Amino acid sequence: MKRPKALLHVCCAPCAAGPSKSLADAGWEPVLFFHNPNIHPDSELEMRRVEVDKLAKARGFGLISDSSGKDEWERTAGVLGPGSEGGARCRACFGQRLGRAAFKAAELGIPAFTTTLTASPHKNAMMVFDAGREAALEWGAAFLEYDFKKRGGFGESARLSRELGLSRQDYCGCRFSMDRPGRKK
Ligand code: SF4
């Protein structure tokens, strides 16, 4: 029987390794959606895109790469400036990326979408869900509320990404997160 598609917004390959498998195990056909206008600089964005392409090919998943949204991200999230991770800027950043994912799902007739953002222990799943629900309401695709770090998900993602040789970055993505305490420069 043909499985229903779910558009999986992917922030990076190591975070997507576990969630894409979990979605497939739950009966969905994951289609990876790489849309991250938050990421700075462009060389880092390209490195993450290449790694996501590697994951998609290794697992046989579809991949849509969408490089739009830089101006929108700056207008909604970047404008909020520096500040620690987890605040208003991050909520706006989730909103911009999940808004685009919901739009893309609706445009392609994909009934549901979700995101790898909850795979990270640095992200507040409730804040991610709030952004996902808002995007779902606006565009009419269903948002799947998976907290992918739960039930050993974080460890499983790390194991799978080691197995596939995926590069792991050491900051969240935007220019403000490059000064994360403890990050090697
Ligand atoms: S710290 Fe991460 S989630 Fe927050 S605004 Fe920057 S890239 Fe987005």
# chains A, B, ... in the order shown; residues from 1 in each chain; ligands from 1
call {"tool": "residues_near_ligand", "arguments": {"ligand": "ligand 1", "cutoff": "7 Å", "atoms": "only C-alpha atoms and all ligand atoms", "output": "ChimeraX atom specification"}}
result
/A:38-39,77,85-86,89-90,93-94,172-177
call {"tool": "write_last_selection", "arguments": {"atoms": "N, CA and C atoms", "output": "CSV table (one decimal), in the first residue's frame"}}
result
chain,number,residue,atom,x,y,z
A,38,ASN,N,18.2,31.2,7.8
A,38,ASN,CA,18.9,31.6,9.0
A,38,ASN,C,20.4,31.4,9.0
A,39,ILE,N,20.8,30.4,8.2
A,39,ILE,CA,22.2,29.9,8.3
A,39,ILE,C,23.2,30.9,7.7
A,77,ALA,N,13.1,37.6,12.0
A,77,ALA,CA,13.9,37.1,13.1
A,77,ALA,C,15.2,37.9,13.3
A,85,GLU,N,20.0,32.0,23.0
A,85,GLU,CA,19.1,31.1,22.3
A,85,GLU,C,17.9,30.7,23.1
A,86,GLY,N,16.8,30.6,22.4
A,86,GLY,CA,15.5,30.2,23.0
A,86,GLY,C,14.5,31.3,23.2
A,89,ARG,N,13.8,35.8,19.1
A,89,ARG,CA,14.4,35.6,17.8
A,89,ARG,C,14.2,34.2,17.3
A,90,CYS,N,14.4,33.2,18.2
A,90,CYS,CA,14.3,31.8,17.8
A,90,CYS,C,12.9,31.5,17.5
A,93,CYS,N,12.3,32.7,14.1
A,93,CYS,CA,13.1,31.8,13.2
A,93,CYS,C,12.4,30.5,12.9
A,94,PHE,N,11.8,29.9,13.9
A,94,PHE,CA,11.0,28.7,13.7
A,94,PHE,C,9.8,29.0,12.9
A,172,CYS,N,24.1,26.7,16.1
A,172,CYS,CA,22.8,26.5,15.6
A,172,CYS,C,22.6,26.9,14.2
A,173,GLY,N,23.1,28.1,13.8
A,173,GLY,CA,23.0,28.5,12.4
A,173,GLY,C,23.1,29.9,12.1
A,174,CYS,N,22.4,30.8,12.8
A,174,CYS,CA,22.5,32.2,12.5
A,174,CYS,C,23.7,32.9,13.0
A,175,ARG,N,24.0,34.1,12.5
A,175,ARG,CA,25.2,34.8,12.9
A,175,ARG,C,25.3,35.0,14.4
A,176,PHE,N,24.1,35.2,15.0
A,176,PHE,CA,24.1,35.4,16.5
A,176,PHE,C,24.5,34.2,17.3
A,177,SER,N,24.3,33.0,16.7
A,177,SER,CA,24.6,31.8,17.5
A,177,SER,C,26.1,31.4,17.3
call {"tool": "residues_around", "arguments": {"residues": "range 15-26 of chain A", "least_positions_apart": "4", "cutoff": "10 Å", "atoms": "only C-alpha atoms", "output": "PyMOL selection string"}}
result
chain A and resi 3+5-11+30-32+52+55-56+59+61+114-120+144+146-149+152-164+166+168
call {"tool": "select_by_dssp", "arguments": {"residues": "range 68-132 of chain A", "states": "strand (DSSP E or B)", "output": "PDB file with N, CA and C atoms, in the first residue's frame"}}
result
ATOM      1  N   ALA A 112       0.875  16.425   5.255  1.00  0.00           N
ATOM      2  CA  ALA A 112       1.380  16.708   6.603  1.00  0.00           C
ATOM      3  C   ALA A 112       2.825  17.179   6.542  1.00  0.00           C
ATOM      4  N   PHE A 113       3.242  17.910   7.572  1.00  0.00           N
ATOM      5  CA  PHE A 113       4.641  18.337   7.662  1.00  0.00           C
ATOM      6  C   PHE A 113       5.075  18.311   9.119  1.00  0.00           C
ATOM      7  N   THR A 114       6.385  18.255   9.298  1.00  0.00           N
ATOM      8  CA  THR A 114       6.953  18.335  10.636  1.00  0.00           C
ATOM      9  C   THR A 114       8.389  18.827  10.497  1.00  0.00           C
ATOM     10  N   THR A 115       9.149  18.803  11.588  1.00  0.00           N
ATOM     11  CA  THR A 115      10.493  19.384  11.550  1.00  0.00           C
ATOM     12  C   THR A 115      11.475  18.634  12.433  1.00  0.00           C
TER      13      THR A 115
END
call {"tool": "atom_distance", "arguments": {"atom1": "CA of Glu51 in chain A", "atom2": "CA of Met178 in chain A"}}
result
19.7 Å
call {"tool": "closest_residue", "arguments": {"among": "A:Glu74, A:Glu46, A:Glu29, A:Asp170", "to": "Gly62 in chain A", "atoms": "only C-alpha atoms"}}
result
A:Glu29
call {"tool": "residues_around", "arguments": {"residues": "Val128 in chain A", "least_positions_apart": "2", "cutoff": "8 Å", "atoms": "only C-alpha atoms", "output": "VMD selection string"}}
result
chain A and resid 91 94 117 to 118 123 to 126 130 to 132
call {"tool": "write_last_selection", "arguments": {"atoms": "C-alpha atoms", "output": "compact mmCIF listing (two decimals), in the first residue's frame"}}
result
# COMPACT_ATOMS: atom_id res chain seq x y z
CA ARG A 91 10.49 31.73 17.91
CA PHE A 94 11.00 28.69 13.75
CA LEU A 117 14.11 21.10 15.10
CA THR A 118 12.80 19.09 18.06
CA LYS A 123 15.35 23.59 21.32
CA ASN A 124 12.14 24.03 23.28
CA ALA A 125 9.70 21.56 21.68
CA MET A 126 6.67 23.55 22.90
CA ASP A 130 3.52 26.55 18.63
CA ALA A 131 5.20 27.73 15.42
CA GLY A 132 4.13 24.54 13.61
call {"tool": "closest_residue", "arguments": {"among": "A:Asp42, A:Asp179, A:Asp53, A:Glu134", "to": "Arg100 in chain A", "atoms": "only C-alpha atoms"}}
result
A:Glu134
call {"tool": "select_by_dssp", "arguments": {"residues": "range 74-162 of chain A", "states": "alpha helix (DSSP H)", "output": "PyMOL selection string"}}
result
chain A and resi 74-76+88-108+125-139+153-162
call {"tool": "closest_residue", "arguments": {"among": "A:Gln96, A:Ala142, A:Gly83, A:Lys54", "to": "Pro111 in chain A", "atoms": "only C-alpha atoms"}}
result
A:Ala142
call {"tool": "atom_distance", "arguments": {"atom1": "CA of Ala136 in chain A", "atom2": "CA of Trp28 in chain A"}}
result
18.0 Å
call {"tool": "atom_distance", "arguments": {"atom1": "CA of Met47 in chain A", "atom2": "CA of Lys104 in chain A"}}
result
22.9 Å
call {"tool": "decode", "arguments": {"residues": "range 30-168 of chain A", "atoms": "C-alpha atoms", "output": "compact mmCIF listing (two decimals), in the first residue's frame"}}
result
# COMPACT_ATOMS: atom_id res chain seq x y z
CA PRO A 30 9.44 11.30 4.35
CA VAL A 31 10.27 14.01 1.83
CA LEU A 32 13.15 16.11 3.14
CA PHE A 33 12.76 19.87 2.91
CA PHE A 34 15.93 21.91 3.34
CA HIS A 35 14.98 25.52 3.93
CA ASN A 36 17.19 27.47 6.33
CA PRO A 37 17.68 31.13 5.41
CA ASN A 38 18.88 31.65 8.99
CA ILE A 39 22.20 29.94 8.34
CA HIS A 40 25.29 32.10 8.12
CA PRO A 41 27.66 32.25 6.32
CA ASP A 42 26.71 30.88 2.87
CA SER A 43 29.61 28.38 2.96
CA GLU A 44 28.07 26.81 6.10
CA LEU A 45 24.63 26.71 4.42
CA GLU A 46 26.14 24.92 1.42
CA MET A 47 28.03 22.45 3.64
CA ARG A 48 24.78 21.56 5.48
CA ARG A 49 22.89 21.22 2.19
CA VAL A 50 25.51 18.83 0.81
CA GLU A 51 25.29 16.68 3.97
CA VAL A 52 21.48 16.56 3.73
CA ASP A 53 21.81 15.48 0.10
CA LYS A 54 24.13 12.70 1.29
CA LEU A 55 21.53 11.53 3.82
CA ALA A 56 18.69 11.63 1.26
CA LYS A 57 20.70 9.57 -1.23
CA ALA A 58 21.83 7.05 1.40
CA ARG A 59 18.26 6.47 2.59
CA GLY A 60 16.43 6.87 -0.72
CA PHE A 61 14.35 9.86 0.44
CA GLY A 62 13.15 12.68 -1.80
CA LEU A 63 14.78 16.06 -1.14
CA ILE A 64 13.54 19.56 -1.91
CA SER A 65 16.06 22.33 -1.38
CA ASP A 66 14.60 25.84 -1.12
CA SER A 67 17.07 28.71 -0.91
CA SER A 68 14.46 31.49 -0.69
CA GLY A 69 13.58 33.53 2.38
CA LYS A 70 16.73 35.47 3.36
CA ASP A 71 14.91 38.81 3.31
CA GLU A 72 11.92 37.40 5.15
CA TRP A 73 14.16 35.84 7.83
CA GLU A 74 15.99 39.14 8.34
CA ARG A 75 12.72 41.05 8.54
CA THR A 76 11.10 38.69 11.07
CA ALA A 77 13.95 37.11 13.09
CA GLY A 78 17.25 38.82 12.26
CA VAL A 79 15.78 42.19 13.16
CA LEU A 80 15.44 40.99 16.78
CA GLY A 81 19.23 40.94 17.07
CA PRO A 82 21.58 39.23 19.52
CA GLY A 83 20.35 37.52 22.65
CA SER A 84 20.59 34.07 24.08
CA GLU A 85 19.15 31.08 22.26
CA GLY A 86 15.54 30.19 23.02
CA GLY A 87 13.97 33.67 23.01
CA ALA A 88 11.85 35.75 20.66
CA ARG A 89 14.36 35.62 17.81
CA CYS A 90 14.30 31.81 17.83
CA ARG A 91 10.49 31.73 17.91
CA ALA A 92 10.43 34.00 14.86
CA CYS A 93 13.10 31.84 13.20
CA PHE A 94 11.00 28.69 13.75
CA GLY A 95 7.93 30.55 12.47
CA GLN A 96 9.63 31.62 9.25
CA ARG A 97 11.00 28.16 8.43
CA LEU A 98 7.87 26.22 9.38
CA GLY A 99 5.69 28.74 7.56
CA ARG A 100 7.61 27.99 4.39
CA ALA A 101 7.42 24.23 5.03
CA ALA A 102 3.64 24.41 5.48
CA PHE A 103 3.33 26.50 2.32
CA LYS A 104 5.42 23.99 0.37
CA ALA A 105 3.43 21.02 1.69
CA ALA A 106 0.17 22.72 0.66
CA GLU A 107 1.60 23.66 -2.74
CA LEU A 108 2.69 20.07 -3.44
CA GLY A 109 -0.46 18.44 -2.04
CA ILE A 110 1.54 16.77 0.76
CA PRO A 111 -0.94 16.29 3.62
CA ALA A 112 1.38 16.71 6.60
CA PHE A 113 4.64 18.34 7.66
CA THR A 114 6.95 18.33 10.64
CA THR A 115 10.49 19.38 11.55
CA THR A 116 13.80 18.05 12.82
CA LEU A 117 14.11 21.10 15.10
CA THR A 118 12.80 19.09 18.06
CA ALA A 119 15.71 16.61 17.72
CA SER A 120 18.03 19.11 19.40
CA PRO A 121 18.23 19.28 23.20
CA HIS A 122 18.85 23.04 22.76
CA LYS A 123 15.35 23.59 21.32
CA ASN A 124 12.14 24.03 23.28
CA ALA A 125 9.70 21.56 21.68
CA MET A 126 6.67 23.55 22.90
CA MET A 127 7.95 26.63 21.10
CA VAL A 128 8.52 24.58 17.94
CA PHE A 129 5.01 23.10 18.19
CA ASP A 130 3.52 26.55 18.63
CA ALA A 131 5.20 27.73 15.42
CA GLY A 132 4.13 24.54 13.61
CA ARG A 133 0.49 24.92 14.66
CA GLU A 134 0.43 28.53 13.52
CA ALA A 135 1.88 27.57 10.12
CA ALA A 136 -0.58 24.68 9.79
CA LEU A 137 -3.50 27.00 10.44
CA GLU A 138 -2.28 29.44 7.84
CA TRP A 139 -1.65 26.92 5.04
CA GLY A 140 -3.95 24.00 5.78
CA ALA A 141 -1.40 21.14 5.99
CA ALA A 142 -1.42 19.08 9.20
CA PHE A 143 1.51 19.62 11.57
CA LEU A 144 2.82 16.38 13.14
CA GLU A 145 3.86 17.11 16.72
CA TYR A 146 6.83 14.80 17.13
CA ASP A 147 9.40 15.58 19.82
CA PHE A 148 12.17 13.67 18.08
CA LYS A 149 14.66 13.88 20.95
CA LYS A 150 12.36 11.83 23.20
CA ARG A 151 12.54 8.04 23.76
CA GLY A 152 16.25 7.89 22.94
CA GLY A 153 15.78 9.82 19.70
CA PHE A 154 18.72 12.14 20.25
CA GLY A 155 21.15 9.25 20.80
CA GLU A 156 19.74 7.32 17.85
CA SER A 157 20.21 10.33 15.56
CA ALA A 158 23.82 10.68 16.72
CA ARG A 159 24.45 6.96 16.13
CA LEU A 160 22.92 7.02 12.63
CA SER A 161 24.81 10.13 11.62
CA ARG A 162 28.10 8.54 12.74
CA GLU A 163 27.19 5.46 10.71
CA LEU A 164 26.58 7.61 7.62
CA GLY A 165 29.63 9.82 8.25
CA LEU A 166 27.56 13.04 8.41
CA SER A 167 29.35 16.23 9.50
CA ARG A 168 28.01 17.84 12.66
